[in-house]
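Written out below as structure tokens is the structure these notes cover.
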Amino acid sequence: MTAAAPLIRLSALTRVYGRGDTAVAALRGIDLSLCQGDFLAIMGASGSGKSTLMNILGCLDTPSGGEYRFGAIAVETLNQTQRALLRRHRLGFVFQGFNLLARTSAQENVELPLLYRGLPAARRREAALAALDLVGLSDRAGHTPAELSGGQQQRVAIARAIVTDPAVLLADEPTGNLDTARSHAIMDLLTRLNRERGLTVIMVTHEEDMAAYAGRTLHLRDGLIDRDSGRDNARPLLTETAPCC
């Protein structure tokens, strides 16, 4: 059987900020391949390059050298508008700080990416409610962020990220603002999305117990891959009686 082509492939990827004596090499030659349905955790100390790598993978920054292939697309050759279109149609983002609009309902927050796509109101509402149901918040659709717990706000943020049916979900410290029980509940949700929907998940984290949910962990040091740890068996899902976030 022929192996599936990588969804993401990085070859000798570099990122240098500044020039001359003030130049800082954030990434110094990254080689990485990911297939559809992978779950990758990226770890490393401050300054290791993990945020830079995440920004390049998310088309929020451009490499200084090397190649970034997303399927058949040579991402490093795209202009700003083309990168924005790739983000809009193929990528979903979840952040540590939730980044929800404070005065709008959960449903309206989830609808936002679809509004940018120009979908009519009825289709936006239908898709948003379906995404909220998928993350277990169909009964909170009319609530504002102030009326939700931190874990529920992060679930809304995940629903917003997946409502466009992206190929890849990029999660930047998704449990950084949550307590232990809610952190594990969020990771359980990401694991379910990965296993049951085939969603590719790339997550930056500094917490070993959160990285344990991933099938593979990339450890960066000084802009290079220090260790690439793959596991056949990631952490098991929480039980149905686990604390709800």
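Labels used: A, B, ... for chains in the order of the structure tokens, numbers from 1 for residues in each chain, and numbers from 1 for ligands as shown.
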Contact check, range 128-223 of chain A to range 36-45 of chain A, at most 12 Å, counting only C-alpha atoms, closest pairs as a Markdown table:
| residue | atom | partner | partner_atom | distance |
| --- | --- | --- | --- | --- |
| A:Pro166 | CA | A:Gln36 | CA | 11.2 |
| A:Ala167 | CA | A:Gln36 | CA | 7.6 |
| A:Val168 | CA | A:Gln36 | CA | 8.2 |
| A:Leu169 | CA | A:Phe39 | CA | 9.5 |
| A:Leu170 | CA | A:Leu40 | CA | 9.7 |
| A:Ala171 | CA | A:Ala41 | CA | 9.3 |
| A:Asp172 | CA | A:Ile42 | CA | 9.5 |
| A:Glu173 | CA | A:Ile42 | CA | 9.9 |
| A:Pro174 | CA | A:Ala41 | CA | 11.4 |
| A:Met187 | CA | A:Phe39 | CA | 11.3 |
| A:Leu190 | CA | A:Phe39 | CA | 9.2 |
| A:Thr191 | CA | A:Phe39 | CA | 8.2 |
| A:Arg192 | CA | A:Phe39 | CA | 11.0 |
| A:Leu193 | CA | A:Gly37 | CA | 9.6 |
| A:Asn194 | CA | A:Gly37 | CA | 6.2 |
| A:Arg195 | CA | A:Gly37 | CA | 7.4 |
| A:Glu196 | CA | A:Gly37 | CA | 9.6 |
| A:Arg197 | CA | A:Gly37 | CA | 8.3 |
| A:Gly198 | CA | A:Gly37 | CA | 4.6 |
| A:Leu199 | CA | A:Gly37 | CA | 5.3 |
| A:Thr200 | CA | A:Gly37 | CA | 4.4 |
| A:Val201 | CA | A:Phe39 | CA | 4.7 |
| A:Ile202 | CA | A:Leu40 | CA | 4.8 |
| A:Met203 | CA | A:Ala41 | CA | 4.8 |
| A:Val204 | CA | A:Ile42 | CA | 4.7 |
| A:Thr205 | CA | A:Met43 | CA | 5.7 |
| A:His206 | CA | A:Met43 | CA | 5.7 |
| A:Glu207 | CA | A:Met43 | CA | 8.1 |
| A:Glu208 | CA | A:Met43 | CA | 8.5 |
| A:Asp209 | CA | A:Ala41 | CA | 11.0 |
| A:Met210 | CA | A:Ala41 | CA | 8.6 |
| A:Ala211 | CA | A:Ala41 | CA | 5.5 |
| A:Ala212 | CA | A:Ala41 | CA | 8.4 |
| A:Tyr213 | CA | A:Phe39 | CA | 8.4 |
| A:Ala214 | CA | A:Phe39 | CA | 5.1 |
| A:Gly215 | CA | A:Phe39 | CA | 5.4 |
| A:Arg216 | CA | A:Leu40 | CA | 5.0 |
| A:Thr217 | CA | A:Ala41 | CA | 4.6 |
| A:Leu218 | CA | A:Ile42 | CA | 4.8 |
| A:His219 | CA | A:Met43 | CA | 4.9 |
| A:Leu220 | CA | A:Gly44 | CA | 4.9 |
| A:Arg221 | CA | A:Gly44 | CA | 6.2 |
| A:Asp222 | CA | A:Ala45 | CA | 8.8 |
| A:Gly223 | CA | A:Gly44 | CA | 9.6 |
Restricting it to N, CA and C atoms, dump the selection as a CSV table (one decimal), in the first residue's frame.
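Resulting contents of out-v2.csv:
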chain,number,residue,atom,x,y,z
A,166,PRO,N,-12.0,23.0,9.1
A,166,PRO,CA,-10.6,23.1,8.7
A,166,PRO,C,-9.9,21.8,8.6
A,167,ALA,N,-8.8,21.8,7.9
A,167,ALA,CA,-8.0,20.5,7.8
A,167,ALA,C,-7.1,20.4,9.1
A,168,VAL,N,-6.7,21.6,9.6
A,168,VAL,CA,-5.8,21.6,10.7
A,168,VAL,C,-6.3,22.6,11.8
A,169,LEU,N,-6.2,22.1,13.0
A,169,LEU,CA,-6.5,23.0,14.2
A,169,LEU,C,-5.1,23.3,14.9
A,170,LEU,N,-4.8,24.6,15.0
A,170,LEU,CA,-3.6,25.1,15.7
A,170,LEU,C,-4.0,25.6,17.0
A,171,ALA,N,-3.5,25.0,18.1
A,171,ALA,CA,-3.9,25.4,19.4
A,171,ALA,C,-2.6,25.9,20.2
A,172,ASP,N,-2.6,27.2,20.6
A,172,ASP,CA,-1.5,27.8,21.2
A,172,ASP,C,-1.8,27.9,22.7
A,173,GLU,N,-1.2,27.0,23.5
A,173,GLU,CA,-1.4,26.9,25.0
A,173,GLU,C,-2.9,26.9,25.3
A,174,PRO,N,-3.7,26.0,24.8
A,174,PRO,CA,-5.1,26.0,24.9
A,174,PRO,C,-5.6,25.8,26.3
A,187,MET,N,-8.5,18.9,26.8
A,187,MET,CA,-7.7,17.9,26.0
A,187,MET,C,-8.4,16.7,25.6
A,190,LEU,N,-10.2,17.8,22.5
A,190,LEU,CA,-9.3,17.8,21.3
A,190,LEU,C,-9.0,16.4,20.8
A,191,THR,N,-8.8,15.5,21.8
A,191,THR,CA,-8.5,14.2,21.4
A,191,THR,C,-9.7,13.5,20.6
A,192,ARG,N,-10.9,13.8,21.1
A,192,ARG,CA,-12.0,13.2,20.4
A,192,ARG,C,-12.2,13.8,19.0
A,193,LEU,N,-12.0,15.1,18.9
A,193,LEU,CA,-12.0,15.7,17.5
A,193,LEU,C,-11.0,15.1,16.6
A,194,ASN,N,-9.8,14.8,17.2
A,194,ASN,CA,-8.7,14.2,16.4
A,194,ASN,C,-9.1,12.8,16.0
A,195,ARG,N,-9.5,12.0,16.9
A,195,ARG,CA,-9.8,10.6,16.7
A,195,ARG,C,-11.1,10.3,15.9
A,196,GLU,N,-12.1,11.1,16.2
A,196,GLU,CA,-13.4,10.8,15.6
A,196,GLU,C,-13.7,11.5,14.3
A,197,ARG,N,-13.1,12.7,14.1
A,197,ARG,CA,-13.3,13.5,12.9
A,197,ARG,C,-12.1,13.6,12.0
A,198,GLY,N,-10.9,13.0,12.5
A,198,GLY,CA,-9.7,13.0,11.7
A,198,GLY,C,-9.1,14.4,11.6
A,199,LEU,N,-9.4,15.2,12.5
A,199,LEU,CA,-8.9,16.6,12.5
A,199,LEU,C,-7.4,16.6,12.9
A,200,THR,N,-6.6,17.2,12.1
A,200,THR,CA,-5.1,17.3,12.5
A,200,THR,C,-5.0,18.4,13.5
A,201,VAL,N,-4.3,18.1,14.6
A,201,VAL,CA,-4.1,19.0,15.7
A,201,VAL,C,-2.7,19.3,15.9
A,202,ILE,N,-2.3,20.6,16.0
A,202,ILE,CA,-0.9,21.0,16.3
A,202,ILE,C,-1.0,21.9,17.5
A,203,MET,N,-0.4,21.5,18.6
A,203,MET,CA,-0.6,22.3,19.8
A,203,MET,C,0.8,22.6,20.4
A,204,VAL,N,0.9,23.9,20.8
A,204,VAL,CA,2.0,24.4,21.6
A,204,VAL,C,1.6,24.3,23.1
A,205,THR,N,2.5,23.7,23.9
A,205,THR,CA,2.2,23.6,25.3
A,205,THR,C,3.5,23.5,26.1
A,206,HIS,N,3.5,23.9,27.3
A,206,HIS,CA,4.7,23.8,28.2
A,206,HIS,C,4.4,22.7,29.3
A,207,GLU,N,3.2,22.1,29.2
A,207,GLU,CA,2.8,21.1,30.2
A,207,GLU,C,3.0,19.7,29.7
A,208,GLU,N,3.8,18.9,30.4
A,208,GLU,CA,4.0,17.5,30.0
A,208,GLU,C,2.7,16.7,30.0
A,209,ASP,N,1.9,16.9,31.0
A,209,ASP,CA,0.7,16.1,31.1
A,209,ASP,C,-0.3,16.4,30.0
A,210,MET,N,-0.3,17.7,29.5
A,210,MET,CA,-1.1,18.0,28.3
A,210,MET,C,-0.5,17.4,27.0
A,211,ALA,N,0.8,17.5,26.9
A,211,ALA,CA,1.4,16.9,25.7
A,211,ALA,C,1.2,15.4,25.6
A,212,ALA,N,1.0,14.8,26.8
A,212,ALA,CA,0.8,13.3,26.8
A,212,ALA,C,-0.4,12.9,26.0
A,213,TYR,N,-1.3,13.8,25.7
A,213,TYR,CA,-2.5,13.4,24.9
A,213,TYR,C,-2.2,13.3,23.5
A,214,ALA,N,-1.1,13.9,23.0
A,214,ALA,CA,-0.8,13.9,21.6
A,214,ALA,C,-0.1,12.6,21.2
A,215,GLY,N,-0.2,12.2,20.0
A,215,GLY,CA,0.5,11.0,19.5
A,215,GLY,C,2.0,11.2,19.2
A,216,ARG,N,2.4,12.5,19.2
A,216,ARG,CA,3.8,12.8,18.9
A,216,ARG,C,4.1,14.1,19.5
A,217,THR,N,5.3,14.2,20.1
A,217,THR,CA,5.8,15.4,20.7
A,217,THR,C,7.1,15.9,20.1
A,218,LEU,N,7.1,17.1,19.7
A,218,LEU,CA,8.3,17.7,19.1
A,218,LEU,C,9.0,18.7,20.2
A,219,HIS,N,10.2,18.4,20.6
A,219,HIS,CA,10.9,19.2,21.5
A,219,HIS,C,11.9,20.1,20.8
A,220,LEU,N,11.7,21.4,20.9
A,220,LEU,CA,12.6,22.4,20.3
A,220,LEU,C,13.7,22.9,21.3
A,221,ARG,N,14.8,23.2,20.7
A,221,ARG,CA,15.9,23.8,21.5
A,221,ARG,C,16.7,24.7,20.6
A,222,ASP,N,16.8,26.0,20.9
A,222,ASP,CA,17.6,27.0,20.1
A,222,ASP,C,17.3,26.9,18.6
A,223,GLY,N,16.0,26.8,18.3
A,223,GLY,CA,15.6,26.9,16.9
A,223,GLY,C,15.8,25.6,16.1
Requested in this report: Would you mind listing what lies within 7 Å of Arg140 in chain A as a list in words, with only C-alpha atoms counted and same-chain residues fewer than 3 positions away left out?
Outcome: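 Neighbouring residues, sequence-local ones excluded: Ala106, Leu137 and His143 of chain A.
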Take the residues from that selection and put them in a file with N, CA and C atoms, as a CSV table (one decimal), in the first residue's frame.
chain,number,residue,atom,x,y,z
A,106,ALA,N,-22.4,33.2,22.5
A,106,ALA,CA,-21.5,32.1,22.1
A,106,ALA,C,-21.8,31.7,20.6
A,137,LEU,N,-22.0,22.3,24.1
A,137,LEU,CA,-22.5,23.6,24.6
A,137,LEU,C,-23.7,24.1,23.9
A,143,HIS,N,-25.6,32.5,25.6
A,143,HIS,CA,-24.9,33.1,26.7
A,143,HIS,C,-23.6,33.9,26.2
Query - Contact residues around Asp165 in chain A with only C-alpha atoms at 9 Å, ignoring same-chain residues under 2 positions, as a PyMOL selection string - result: chain A and resi 89-92+161-163+167-168+199
**Report entry** Shell of 12 Å around range 62-77 of chain A, only C-alpha atoms, local chain residues under 2 positions omitted, as a PyMOL selection string
**Finding:** chain A and resi 4-19+23-36+52-60+79-87+90-91+167-168
Query - From A:Leu119, A:Leu114, A:Gly20, A:Ala159, residue lying nearest Leu134 in chain A [only C-alpha atoms] - result: A:Ala159
Let's see if you can do this: from backbone DSSP, list all helix (DSSP H, G or I) residues in range 4-224 of chain A, as a PDB file with C-alpha atoms, in the first residue's frame.
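Writing done, so here's out.pdb:
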ATOM      1  CA  GLY A  20      23.770  41.866  10.481  1.00  0.00           C
ATOM      2  CA  ASP A  21      24.991  41.947  14.066  1.00  0.00           C
ATOM      3  CA  THR A  22      21.431  42.161  15.394  1.00  0.00           C
ATOM      4  CA  LYS A  50       7.998  27.011  19.209  1.00  0.00           C
ATOM      5  CA  SER A  51       5.902  30.183  18.828  1.00  0.00           C
ATOM      6  CA  THR A  52       7.740  31.099  15.626  1.00  0.00           C
ATOM      7  CA  LEU A  53       7.133  27.621  14.242  1.00  0.00           C
ATOM      8  CA  MET A  54       3.441  27.820  15.145  1.00  0.00           C
ATOM      9  CA  ASN A  55       3.122  31.238  13.490  1.00  0.00           C
ATOM     10  CA  ILE A  56       4.676  29.957  10.276  1.00  0.00           C
ATOM     11  CA  LEU A  57       2.494  26.833  10.268  1.00  0.00           C
ATOM     12  CA  VAL A  75       3.276  28.270   1.194  1.00  0.00           C
ATOM     13  CA  GLU A  76       6.573  30.157   1.259  1.00  0.00           C
ATOM     14  CA  THR A  77       5.780  31.546  -2.205  1.00  0.00           C
ATOM     15  CA  GLN A  80      -0.162  38.079   2.116  1.00  0.00           C
ATOM     16  CA  THR A  81      -3.605  37.792   0.518  1.00  0.00           C
ATOM     17  CA  GLN A  82      -3.026  34.194  -0.545  1.00  0.00           C
ATOM     18  CA  ARG A  83      -1.833  33.240   2.950  1.00  0.00           C
ATOM     19  CA  ALA A  84      -4.962  34.846   4.411  1.00  0.00           C
ATOM     20  CA  LEU A  85      -7.128  32.738   2.109  1.00  0.00           C
ATOM     21  CA  LEU A  86      -5.288  29.572   3.152  1.00  0.00           C
ATOM     22  CA  ARG A  87      -5.832  30.468   6.815  1.00  0.00           C
ATOM     23  CA  ARG A  88      -9.510  31.179   6.239  1.00  0.00           C
ATOM     24  CA  HIS A  89     -10.279  27.974   4.367  1.00  0.00           C
ATOM     25  CA  ARG A  90      -7.920  25.328   5.764  1.00  0.00           C
ATOM     26  CA  ALA A 106     -21.548  32.057  22.077  1.00  0.00           C
ATOM     27  CA  GLN A 107     -23.457  31.426  18.864  1.00  0.00           C
ATOM     28  CA  GLU A 108     -22.479  34.792  17.405  1.00  0.00           C
ATOM     29  CA  ASN A 109     -18.841  34.248  18.330  1.00  0.00           C
ATOM     30  CA  VAL A 110     -18.849  30.902  16.546  1.00  0.00           C
ATOM     31  CA  GLU A 111     -20.550  32.433  13.503  1.00  0.00           C
ATOM     32  CA  LEU A 112     -17.822  35.029  13.024  1.00  0.00           C
ATOM     33  CA  PRO A 113     -15.540  33.064  10.624  1.00  0.00           C
ATOM     34  CA  LEU A 114     -18.585  32.261   8.490  1.00  0.00           C
ATOM     35  CA  LEU A 115     -19.534  35.933   8.375  1.00  0.00           C
ATOM     36  CA  TYR A 116     -16.120  36.650   6.840  1.00  0.00           C
ATOM     37  CA  ALA A 121     -27.484  34.256   8.318  1.00  0.00           C
ATOM     38  CA  ALA A 122     -29.512  31.042   8.311  1.00  0.00           C
ATOM     39  CA  ARG A 123     -26.549  28.909   7.237  1.00  0.00           C
ATOM     40  CA  ARG A 124     -24.263  30.624   9.757  1.00  0.00           C
ATOM     41  CA  ARG A 125     -26.704  29.934  12.573  1.00  0.00           C
ATOM     42  CA  GLU A 126     -27.145  26.292  11.578  1.00  0.00           C
ATOM     43  CA  ALA A 127     -23.400  25.662  11.363  1.00  0.00           C
ATOM     44  CA  ALA A 128     -22.664  27.510  14.621  1.00  0.00           C
ATOM     45  CA  LEU A 129     -25.277  25.538  16.552  1.00  0.00           C
ATOM     46  CA  ALA A 130     -23.925  22.287  15.128  1.00  0.00           C
ATOM     47  CA  ALA A 131     -20.376  23.221  16.205  1.00  0.00           C
ATOM     48  CA  LEU A 132     -21.555  24.180  19.698  1.00  0.00           C
ATOM     49  CA  ASP A 133     -23.386  20.870  19.963  1.00  0.00           C
ATOM     50  CA  LEU A 134     -20.191  19.064  18.964  1.00  0.00           C
ATOM     51  CA  SER A 138     -25.733  23.595  22.604  1.00  0.00           C
ATOM     52  CA  ASP A 139     -27.551  24.749  25.752  1.00  0.00           C
ATOM     53  CA  ARG A 140     -25.257  27.787  26.128  1.00  0.00           C
ATOM     54  CA  PRO A 145     -18.537  34.915  27.596  1.00  0.00           C
ATOM     55  CA  ALA A 146     -19.117  36.590  30.995  1.00  0.00           C
ATOM     56  CA  GLU A 147     -21.844  34.026  31.660  1.00  0.00           C
ATOM     57  CA  GLY A 150     -13.200  29.468  31.533  1.00  0.00           C
ATOM     58  CA  GLY A 151     -13.538  25.921  30.249  1.00  0.00           C
ATOM     59  CA  GLN A 152     -16.823  26.739  28.537  1.00  0.00           C
ATOM     60  CA  GLN A 153     -15.267  29.808  26.919  1.00  0.00           C
ATOM     61  CA  GLN A 154     -12.478  27.638  25.540  1.00  0.00           C
ATOM     62  CA  ARG A 155     -15.068  25.211  24.190  1.00  0.00           C
ATOM     63  CA  VAL A 156     -16.744  28.112  22.388  1.00  0.00           C
ATOM     64  CA  ALA A 157     -13.332  29.072  20.975  1.00  0.00           C
ATOM     65  CA  ILE A 158     -12.841  25.492  19.749  1.00  0.00           C
ATOM     66  CA  ALA A 159     -16.312  25.511  18.175  1.00  0.00           C
ATOM     67  CA  ARG A 160     -15.412  28.759  16.407  1.00  0.00           C
ATOM     68  CA  ALA A 161     -12.178  27.176  15.157  1.00  0.00           C
ATOM     69  CA  ILE A 162     -13.867  24.079  13.727  1.00  0.00           C
ATOM     70  CA  THR A 180      -6.345  21.032  36.109  1.00  0.00           C
ATOM     71  CA  ALA A 181      -9.814  19.478  35.756  1.00  0.00           C
ATOM     72  CA  ARG A 182     -10.889  21.844  32.976  1.00  0.00           C
ATOM     73  CA  SER A 183      -7.531  21.444  31.233  1.00  0.00           C
ATOM     74  CA  HIS A 184      -7.968  17.692  31.012  1.00  0.00           C
ATOM     75  CA  ALA A 185     -11.557  18.112  29.819  1.00  0.00           C
ATOM     76  CA  ILE A 186     -10.378  20.408  26.994  1.00  0.00           C
ATOM     77  CA  MET A 187      -7.670  17.938  26.032  1.00  0.00           C
ATOM     78  CA  ASP A 188     -10.224  15.146  26.055  1.00  0.00           C
ATOM     79  CA  LEU A 189     -12.314  17.202  23.610  1.00  0.00           C
ATOM     80  CA  LEU A 190      -9.345  17.848  21.303  1.00  0.00           C
ATOM     81  CA  THR A 191      -8.505  14.158  21.393  1.00  0.00           C
ATOM     82  CA  ARG A 192     -12.049  13.224  20.419  1.00  0.00           C
ATOM     83  CA  LEU A 193     -12.028  15.683  17.524  1.00  0.00           C
ATOM     84  CA  ASN A 194      -8.718  14.223  16.384  1.00  0.00           C
ATOM     85  CA  ARG A 195      -9.778  10.580  16.653  1.00  0.00           C
ATOM     86  CA  GLU A 196     -13.416  10.758  15.609  1.00  0.00           C
ATOM     87  CA  ARG A 197     -13.296  13.485  12.937  1.00  0.00           C
ATOM     88  CA  GLU A 208       4.023  17.543  29.965  1.00  0.00           C
ATOM     89  CA  ASP A 209       0.683  16.108  31.080  1.00  0.00           C
ATOM     90  CA  MET A 210      -1.118  18.020  28.322  1.00  0.00           C
ATOM     91  CA  ALA A 211       1.449  16.937  25.709  1.00  0.00           C
TER      92      ALA A 211
END
